[in-house]
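What follows is the content of input-v1.cif, which has mmCIF, C-alpha atoms:
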```cif
data_start
loop_
_atom_site.label_atom_id
_atom_site.label_comp_id
_atom_site.auth_asym_id
_atom_site.auth_seq_id
_atom_site.Cartn_x
_atom_site.Cartn_y
_atom_site.Cartn_z
CA GLY A 659 49.88 21.41 -4.81
CA SER A 660 52.27 23.78 -6.59
CA VAL A 661 54.89 25.71 -4.67
CA THR A 662 54.84 29.49 -4.91
CA VAL A 663 58.07 31.43 -4.38
CA ALA A 664 57.95 35.16 -3.64
CA GLY A 665 60.46 37.77 -2.51
CA SER A 666 63.47 39.74 -3.66
CA ASP A 667 67.11 40.48 -2.91
CA ASP A 668 68.16 38.31 0.04
CA SER A 669 64.69 37.33 1.36
CA TYR A 670 62.27 34.83 -0.19
CA THR A 671 59.36 32.68 0.96
CA ALA A 672 58.12 29.45 -0.55
CA SER A 673 54.61 28.24 0.23
CA PHE A 674 52.04 25.66 -0.82
CA VAL A 675 48.48 24.74 0.16
CA VAL A 676 48.01 21.26 1.65
CA GLN A 677 45.72 19.08 -0.47
CA HIS A 678 43.67 16.09 0.65
CA ILE A 679 45.81 13.78 -1.47
CA ASP A 680 49.04 14.89 0.24
CA THR A 681 50.67 12.31 2.47
CA ASP A 682 50.70 12.86 6.23
CA GLY A 683 54.10 13.34 7.79
CA LEU A 684 56.99 15.76 8.21
CA VAL A 685 57.32 18.25 5.37
CA GLY A 686 60.67 18.07 3.63
CA PHE A 687 62.16 20.59 1.20
CA GLU A 688 65.06 21.35 -1.05
CA ILE A 689 66.28 24.81 -2.09
CA SER A 690 68.24 24.69 -5.33
CA ASN A 691 69.48 26.92 -8.16
CA ILE A 692 70.95 29.38 -5.65
CA SER A 693 73.23 32.05 -7.06
CA ASP A 694 74.15 35.68 -6.48
CA LEU A 695 73.90 38.48 -9.06
CA ILE A 696 77.32 37.79 -10.57
CA GLY A 697 76.80 34.03 -10.94
CA ASN A 698 78.36 32.58 -7.80
CA THR A 699 76.41 29.43 -6.87
CA ALA A 700 75.62 27.80 -3.54
CA SER A 701 74.93 24.18 -2.66
CA ASN A 702 71.38 22.92 -2.40
CA ILE A 703 69.82 23.21 1.05
CA SER A 704 67.44 20.64 2.59
CA THR A 705 67.78 21.22 6.34
CA LEU A 706 66.50 23.95 8.64
CA THR A 707 68.79 26.39 10.38
CA SER A 708 66.18 26.96 13.12
CA GLY A 709 62.76 25.71 14.20
CA SER A 710 61.36 22.18 14.31
CA GLY A 711 59.60 21.85 10.98
CA VAL A 712 55.98 21.30 10.00
CA THR A 713 54.04 18.02 10.05
CA ILE A 714 51.02 17.41 7.82
CA ASP A 715 48.22 15.73 9.79
CA LYS A 716 44.82 15.31 8.15
CA VAL A 717 43.62 12.50 10.46
CA ALA A 718 41.08 13.31 13.18
CA PRO A 719 42.05 12.34 16.73
CA SER A 720 40.16 9.51 18.38
CA ILE A 721 39.45 8.45 21.95
CA LEU A 722 41.28 5.21 22.68
CA SER A 723 39.91 4.78 26.19
CA ALA A 724 37.00 6.20 28.19
CA THR A 725 36.37 4.71 31.62
CA ILE A 726 33.98 5.89 34.33
CA ALA A 727 33.93 5.19 38.06
CA SER A 728 32.97 6.80 41.36
CA ASN A 729 34.86 7.17 44.62
CA ASN A 730 32.25 5.02 46.36
CA ASP A 731 33.55 1.75 47.85
CA ASN A 732 31.58 0.16 45.01
CA THR A 733 32.85 2.20 42.06
CA SER A 734 29.80 1.31 39.94
CA PHE A 735 27.49 3.26 42.26
CA ALA A 736 27.37 6.78 43.71
CA LYS A 737 25.27 8.81 46.11
CA VAL A 738 25.04 12.47 47.16
CA GLY A 739 28.44 13.97 47.94
CA GLU A 740 30.40 11.37 46.01
CA THR A 741 32.42 12.10 42.86
CA ILE A 742 32.14 10.60 39.40
CA ARG A 743 35.37 10.44 37.43
CA LEU A 744 35.68 9.93 33.66
CA ILE A 745 39.21 9.13 32.47
CA ILE A 746 39.83 9.94 28.80
CA THR A 747 42.82 8.79 26.74
CA ALA A 748 43.29 9.92 23.13
CA ASP A 749 45.49 8.47 20.39
CA GLU A 750 47.43 11.76 20.12
CA SER A 751 47.72 15.05 21.95
CA ILE A 752 44.43 16.93 21.97
CA THR A 753 43.00 20.17 23.31
CA SER A 754 40.96 20.00 26.52
CA PRO A 755 37.60 18.41 25.60
CA THR A 756 34.16 19.56 26.68
CA VAL A 757 32.53 16.95 28.93
CA GLU A 758 28.84 16.94 29.84
CA PHE A 759 27.32 14.51 32.34
CA THR A 760 23.71 13.31 32.54
CA ILE A 761 21.85 11.13 35.05
CA ASN A 762 18.91 9.10 33.81
CA GLU A 763 19.18 11.12 30.56
CA GLN A 764 18.76 14.43 32.41
CA SER A 765 21.49 17.07 32.66
CA VAL A 766 23.20 17.07 36.03
CA ALA A 767 21.90 19.68 38.47
CA ASP A 768 25.16 21.62 38.72
CA ALA A 769 26.64 21.32 35.21
CA ASN A 770 28.93 24.30 35.78
CA SER A 771 30.82 22.37 38.46
CA VAL A 772 32.10 19.74 36.01
CA THR A 773 35.89 19.98 35.93
CA VAL A 774 38.22 18.79 33.19
CA THR A 775 41.94 18.56 33.94
CA GLY A 776 44.90 17.09 32.10
CA ASN A 777 47.00 17.64 29.01
CA GLY A 778 48.46 15.80 26.05
CA THR A 779 46.63 12.53 25.54
CA THR A 780 45.03 12.14 28.98
CA TYR A 781 42.23 14.12 30.62
CA ILE A 782 40.01 13.56 33.67
CA ALA A 783 36.47 14.92 34.00
CA GLU A 784 34.86 14.96 37.45
CA TYR A 785 31.45 15.77 38.89
CA THR A 786 30.20 15.57 42.50
CA ILE A 787 26.64 14.32 42.97
CA SER A 788 24.27 17.02 44.27
CA SER A 789 21.16 16.52 46.39
CA SER A 790 19.26 18.05 43.46
CA ASP A 791 20.36 15.32 41.05
CA VAL A 792 17.99 12.52 40.03
CA GLU A 793 18.81 8.85 40.43
CA GLY A 794 19.76 6.54 37.59
CA LEU A 795 22.51 5.64 35.14
CA VAL A 796 25.19 8.26 34.52
CA GLY A 797 25.74 9.25 30.88
CA PHE A 798 28.29 11.58 29.29
CA THR A 799 29.46 13.18 26.07
CA ILE A 800 33.04 14.08 25.16
CA SER A 801 33.19 16.72 22.44
CA SER A 802 34.84 19.90 21.06
CA TYR A 803 38.42 18.69 21.04
CA THR A 804 41.05 18.87 18.30
CA ASP A 805 44.52 17.58 17.69
CA LEU A 806 47.52 19.91 17.27
CA ALA A 807 46.67 20.33 13.57
CA ARG A 808 43.14 21.41 14.56
CA ASN A 809 41.44 18.31 13.16
CA ASN A 810 38.13 17.92 15.02
CA GLY A 811 37.62 14.72 16.99
CA PRO A 812 34.28 12.84 17.00
CA THR A 813 31.84 13.07 19.91
CA VAL A 814 32.08 10.07 22.25
CA SER A 815 29.25 8.99 24.58
CA ALA A 816 30.14 5.42 25.58
CA THR A 817 32.86 3.84 27.67
CA THR A 818 35.38 1.56 26.02
CA ASP A 819 35.37 -1.02 28.83
CA SER A 820 31.62 -1.28 29.65
CA SER A 821 32.18 0.55 32.94
CA GLN A 822 29.18 2.44 34.32
CA VAL A 823 27.99 4.32 37.39
CA THR A 824 24.46 4.41 38.80
CA VAL A 825 23.36 7.13 41.21
CA ASP A 826 21.35 5.63 44.09
CA ASN A 827 20.31 7.70 47.11
CA THR A 828 17.39 5.50 48.19
CA LEU A 829 17.62 3.44 51.36
CA PRO A 830 16.93 -0.27 50.92
CA THR A 831 13.82 -1.64 52.61
CA LEU A 832 12.83 -5.12 53.72
CA THR A 833 9.77 -6.09 51.69
CA THR A 834 9.32 -9.53 53.23
CA VAL A 835 10.10 -10.59 56.80
CA SER A 836 8.52 -13.81 58.06
CA ILE A 837 9.33 -16.32 60.78
CA ALA A 838 8.48 -20.01 61.11
CA SER A 839 9.67 -23.19 62.75
CA ASP A 840 10.05 -26.67 61.28
CA ASN A 841 7.93 -28.18 64.07
CA SER A 842 5.98 -31.11 62.62
CA ILE A 843 2.68 -29.99 64.16
CA SER A 844 2.71 -26.20 63.95
CA ASN A 845 5.17 -23.80 62.34
CA THR A 846 4.23 -21.17 64.93
CA ALA A 847 5.60 -23.20 67.85
CA ALA A 848 8.95 -24.82 68.52
CA LYS A 849 10.53 -27.22 71.00
CA SER A 850 14.08 -28.30 71.69
CA ASN A 851 15.99 -29.22 68.52
CA ASP A 852 13.42 -27.56 66.24
CA LYS A 853 14.81 -25.01 63.83
CA ILE A 854 13.40 -21.49 63.64
CA THR A 855 13.96 -19.61 60.37
CA LEU A 856 13.58 -15.91 59.69
CA THR A 857 13.12 -15.20 55.96
CA ILE A 858 14.25 -11.79 54.71
CA GLU A 859 13.77 -10.23 51.27
CA ALA A 860 14.85 -6.69 50.42
CA SER A 861 13.78 -4.17 47.78
CA GLU A 862 17.22 -4.46 46.14
CA ASP A 863 20.50 -6.31 46.58
CA ILE A 864 21.91 -5.81 50.07
CA THR A 865 24.88 -6.82 52.16
CA ALA A 866 24.37 -9.55 54.74
CA PRO A 867 22.28 -8.17 57.61
CA THR A 868 23.08 -8.56 61.29
CA VAL A 869 20.31 -10.58 62.96
CA THR A 870 19.87 -10.94 66.72
CA MET A 871 17.14 -13.18 68.12
CA ASN A 872 15.76 -13.76 71.60
CA SER A 873 13.38 -16.24 73.17
CA GLY A 874 11.15 -15.07 76.00
CA GLY A 875 13.19 -11.85 76.18
CA GLN A 876 16.42 -13.70 76.72
CA GLY A 877 19.41 -14.48 74.51
CA LEU A 878 19.75 -17.83 72.79
CA ALA A 879 22.08 -20.69 73.62
CA ASN A 880 22.85 -21.42 69.98
CA THR A 881 24.25 -19.17 67.27
CA VAL A 882 21.99 -17.47 64.74
CA ASN A 883 23.30 -18.30 61.27
CA VAL A 884 22.64 -15.81 58.44
CA LEU A 885 22.69 -17.34 54.97
CA GLN A 886 22.41 -15.61 51.59
CA VAL A 887 19.82 -17.09 49.23
CA SER A 888 20.23 -14.49 46.46
CA GLY A 889 21.33 -10.87 46.10
CA ASN A 890 18.33 -9.50 47.96
CA SER A 891 17.28 -12.57 49.96
CA TYR A 892 18.62 -14.00 53.22
CA THR A 893 17.59 -16.42 55.93
CA ALA A 894 18.54 -16.35 59.63
CA GLU A 895 18.10 -19.56 61.56
CA PHE A 896 18.90 -21.21 64.87
CA THR A 897 18.16 -24.46 66.59
CA VAL A 898 16.16 -24.27 69.80
CA ASP A 899 18.12 -25.37 72.86
CA SER A 900 16.62 -26.90 75.98
CA GLY A 901 18.09 -24.00 77.94
CA ASP A 902 16.27 -21.35 75.89
CA ARG A 903 13.53 -19.51 77.78
CA ASP A 904 9.95 -20.23 76.73
CA GLY A 905 8.10 -17.33 75.12
CA ASN A 906 7.84 -15.33 71.95
CA CYS A 907 10.79 -15.37 69.57
CA THR A 908 11.76 -11.78 68.82
CA PHE A 909 14.40 -10.41 66.46
CA THR A 910 16.23 -7.35 65.22
CA ILE A 911 17.54 -7.02 61.65
CA SER A 912 20.14 -4.29 61.15
CA GLY A 913 23.50 -3.43 59.62
CA TYR A 914 22.60 -3.98 55.96
CA LYS A 915 23.37 -1.70 53.01
CA ASP A 916 22.59 -1.56 49.31
CA ASN A 917 25.23 -1.52 46.55
CA ALA A 918 25.67 2.25 46.87
CA GLY A 919 26.25 1.99 50.63
CA ASN A 920 22.86 3.38 51.70
CA ALA A 921 22.10 1.85 55.12
CA GLY A 922 18.67 0.31 55.71
CA LEU A 923 16.63 0.92 58.87
CA GLY A 924 16.46 -1.62 61.67
CA VAL A 925 13.48 -4.00 61.50
CA THR A 926 11.87 -5.80 64.46
CA ALA A 927 8.52 -6.94 63.04
CA VAL A 928 7.33 -9.39 60.40
CA THR A 929 5.47 -8.24 57.32
CA ASP A 930 2.97 -11.12 57.15
CA GLY A 931 1.67 -11.61 60.69
CA THR A 932 3.72 -14.77 61.36
#
```

Once you've parsed the file, please lay out its structure as C-alpha cells.
Amino acid sequence: GSVTVAGSDDSYTASFVVQHIDTDGLVGFEISNISDLIGNTASNISTLTSGSGVTIDKVAPSILSATIASNNDNTSFAKVGETIRLIITADESITSPTVEFTINEQSVADANSVTVTGNGTTYIAEYTISSSDVEGLVGFTISSYTDLARNNGPTVSATTDSSQVTVDNTLPTLTTVSIASDNSISNTAAKSNDKITLTIEASEDITAPTVTMNSGGQGLANTVNVLQVSGNSYTAEFTVDSGDRDGNCTFTISGYKDNAGNAGLGVTAVTDGT
C-alpha cells in the first residue's frame, strides 16, 4: 500500500496499511530527501536508532505436536485421582490456548479445574479424573490461541502421534472359571501323573493372575504353572504327584489387574459347576 507521511518542523511519521499481497518478513525503510529550511541536506537513513523493528506475519500459527498421556503406569489408561496431560507444541510462539477435555464425548465433571501452563511454543494442559467423570475415551479441543501478530490458530482435536487415554474405573471380573483333568476315563477325577487344568477368562485384558491350588486341603508337590492364552485368558495347571493328598482340588485366583490397574477380586469357585 501507499506510504503516508505526516508532521511538521522536526517531527514526522510515516505509515502504511499492510495488504494481503505484502510479503511476510521484517519491514525495511529508507528516509530520503532530508533537508533543513535553508537547503542543508542529510544522508538517507535506513536503520533504526532504537527499537527492534516490525515484522509482517499474515500466516496463522499451527500445532506441530499434540500428545496425550496419563500418569498411570500404563499411560494409555487412567482412573479416578490420576492426571491426564496434553502436551502442545506450536510452530511459533502463541498465546495460552483454551483446552477443553471430554470423556466419552461428555464434558469432564470439573471443567474449571483444567490447567494450562507454558509459554512460547510449548504448553501443557492437565486434568485430574474425578469420581463424577464417566468412563471412556478422552477427547480434547485446543482453541482460542494466536501468534504474536494476532493471527488466529485453527482448533485442534486430534493427537499428532495417535496417542490416546481411556478412563477405566471398573474392576475386572472373571467370567469363566472351570477345572478339569486329562484323565482318560473322567475329567472330574485325577491320579498320579494326570494333569489338572484351571481355565480362566476375564471380562477384559488382565495381568497374569496368582493361582494357588490344594488337594485335600493340602499344598501340592508340583508347581502350578500359569500360562497366558490371550489378553484376557489364562490357564493354570499342575501334574498330580503321588504324594498329593486325595480329596477335592481347590484353588484361589488373585493378584490380577486390568490395563488401568484396577485390581480384581479373589475367586475361589468355578462358574460352570466343574

Q) Neighbours of Ser723 of chain A within 8 Å (all atoms listed in the file; same-chain residues fewer than 5 positions away dropped), as a ChimeraX atom specification? A) /A:745-748,817-819

**Q.** For atom CA of Asp904 of chain A and atom CA of Gly877 of chain A, the interatomic separation in Å (one decimal)
**A.** 11.3 Å

**Q.** Residue with smallest distance to Tyr892 of chain A - pool A:Pro867, A:Gly683, A:Gly875, A:Gly778, counting only C-alpha atoms
**A.** A:Pro867

Go through segment 784-829 of chain A and flag each residue having an atom no more than 6 Å from segment 730-737 of chain A; for those, report the closest pair of atoms plus their distance in Å to one decimal, using only C-alpha atoms, ordered by chain and rising number, as a tab-separated table.
```
residue	atom	partner	partner_atom	distance
A:Gln822	CA	A:Ser734	CA	5.8
A:Val823	CA	A:Ser734	CA	4.3
A:Thr824	CA	A:Phe735	CA	4.7
A:Val825	CA	A:Ala736	CA	4.7
A:Asp826	CA	A:Lys737	CA	5.4
A:Asn827	CA	A:Lys737	CA	5.2
```

Q | Residue nearest Cys907 of chain A among A:Val928, A:Ala783, A:Leu829, A:Val766 (counting only C-alpha atoms) | A | A:Val928

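Distances here use all atoms listed in the file; by that measure, the residue among A:Asp680, A:Asp852, A:Glu859, A:Asp902 closest to Met871 of chain A is A:Asp902.
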
Can you pull out every residue within 7 Å of Glu862 of chain A, counting only C-alpha atoms, but drop anything in the same chain fewer than 4 positions away, and send it as a PDB file with C-alpha atoms, in the coordinates of the input?
```
ATOM      1  CA  PRO A 830      16.930  -0.270  50.920  1.00  0.00           C
ATOM      2  CA  ASN A 890      18.330  -9.500  47.960  1.00  0.00           C
ATOM      3  CA  ASP A 916      22.590  -1.560  49.310  1.00  0.00           C
TER       4      ASP A 916
END
```

Q: Select, from A:Thr707, A:Thr857, A:Ser720, A:Thr865, the residue with the minimum atom-to-atom distance to Asn810 of chain A, counting only C-alpha atoms.
A: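 Residue with the minimum atom-to-atom distance to Asn810 of chain A: A:Ser720.
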
So which residues get picked by the PyMOL selection byres ((chain A and resi 772) around 9) here, written as an mmCIF file with C-alpha atoms, in the frame of the given file?
```cif
data_model
loop_
_atom_site.group_PDB
_atom_site.id
_atom_site.type_symbol
_atom_site.label_atom_id
_atom_site.label_comp_id
_atom_site.auth_asym_id
_atom_site.auth_seq_id
_atom_site.Cartn_x
_atom_site.Cartn_y
_atom_site.Cartn_z
ATOM 1 C CA VAL A 757 32.530 16.950 28.930
ATOM 2 C CA GLU A 758 28.840 16.940 29.840
ATOM 3 C CA PHE A 759 27.320 14.510 32.340
ATOM 4 C CA ASP A 768 25.160 21.620 38.720
ATOM 5 C CA ALA A 769 26.640 21.320 35.210
ATOM 6 C CA ASN A 770 28.930 24.300 35.780
ATOM 7 C CA SER A 771 30.820 22.370 38.460
ATOM 8 C CA THR A 773 35.890 19.980 35.930
ATOM 9 C CA VAL A 774 38.220 18.790 33.190
ATOM 10 C CA ALA A 783 36.470 14.920 34.000
ATOM 11 C CA GLU A 784 34.860 14.960 37.450
ATOM 12 C CA TYR A 785 31.450 15.770 38.890
ATOM 13 C CA THR A 786 30.200 15.570 42.500
#
```

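Neighbours of Gly776 of chain A closer than or equal to 10 Å, with all atoms listed in the file counted and sequence neighbours fewer than 3 positions away skipped, come out as Ile745, Ile746, Thr753, Ser754, Pro755, Thr779, Thr780, Tyr781, Ile782 and Ala783 of chain A.
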
Q.
Which residues, named as in the file, does the PyMOL selection byres ((chain A and resi 661) around 9) pick out? Answer as JSON, numbers by chain.
A. {"A": [659, 660, 662, 663, 672, 673, 674, 675]}

Q | Spatial neighbours of Gly686 of chain A, 9 Å, only C-alpha atoms, chain gap at least 6 places, as an NGL selection string | A | :A and (704-705 or 711-712)

Q: Name the residues in contact with Ala921 of chain A at a cut-off of 10 Å, using all atoms listed in the file, excluding same-chain residues fewer than 6 positions from it; report them as a VMD selection string.
A: chain A and resid 828 to 831 864 to 865 912 to 915

Q | Reference answer for the PyMOL selection byres ((chain A and resi 834-838) around 7), as a PyMOL selection string | A | chain A and resi 832-833+839-840+845-846+854-860+928-930+932

Go ahead and write the selection's residues with C-alpha atoms as an mmCIF file, in the frame of the given file.
```
data_model
loop_
_atom_site.group_PDB
_atom_site.id
_atom_site.type_symbol
_atom_site.label_atom_id
_atom_site.label_comp_id
_atom_site.auth_asym_id
_atom_site.auth_seq_id
_atom_site.Cartn_x
_atom_site.Cartn_y
_atom_site.Cartn_z
ATOM 1 C CA LEU A 832 12.830 -5.120 53.720
ATOM 2 C CA THR A 833 9.770 -6.090 51.690
ATOM 3 C CA SER A 839 9.670 -23.190 62.750
ATOM 4 C CA ASP A 840 10.050 -26.670 61.280
ATOM 5 C CA ASN A 845 5.170 -23.800 62.340
ATOM 6 C CA THR A 846 4.230 -21.170 64.930
ATOM 7 C CA ILE A 854 13.400 -21.490 63.640
ATOM 8 C CA THR A 855 13.960 -19.610 60.370
ATOM 9 C CA LEU A 856 13.580 -15.910 59.690
ATOM 10 C CA THR A 857 13.120 -15.200 55.960
ATOM 11 C CA ILE A 858 14.250 -11.790 54.710
ATOM 12 C CA GLU A 859 13.770 -10.230 51.270
ATOM 13 C CA ALA A 860 14.850 -6.690 50.420
ATOM 14 C CA VAL A 928 7.330 -9.390 60.400
ATOM 15 C CA THR A 929 5.470 -8.240 57.320
ATOM 16 C CA ASP A 930 2.970 -11.120 57.150
ATOM 17 C CA THR A 932 3.720 -14.770 61.360
#
```

Q: Counting all atoms listed in the file, figure out which residue out of A:Asn841, A:Asn917, A:Ser751, A:Thr760 gets nearest to Gly889 of chain A.
A: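 Looking only at the distances to Gly889 of chain A, the closest residue turns out to be A:Asn917.
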
Q: Mind giving me the straight-line distance from atom CA of Phe909 of chain A to atom CA of Gln876 of chain A in Å, one decimal?
A: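 Distance reported for this atom pair: 11.0 Å.
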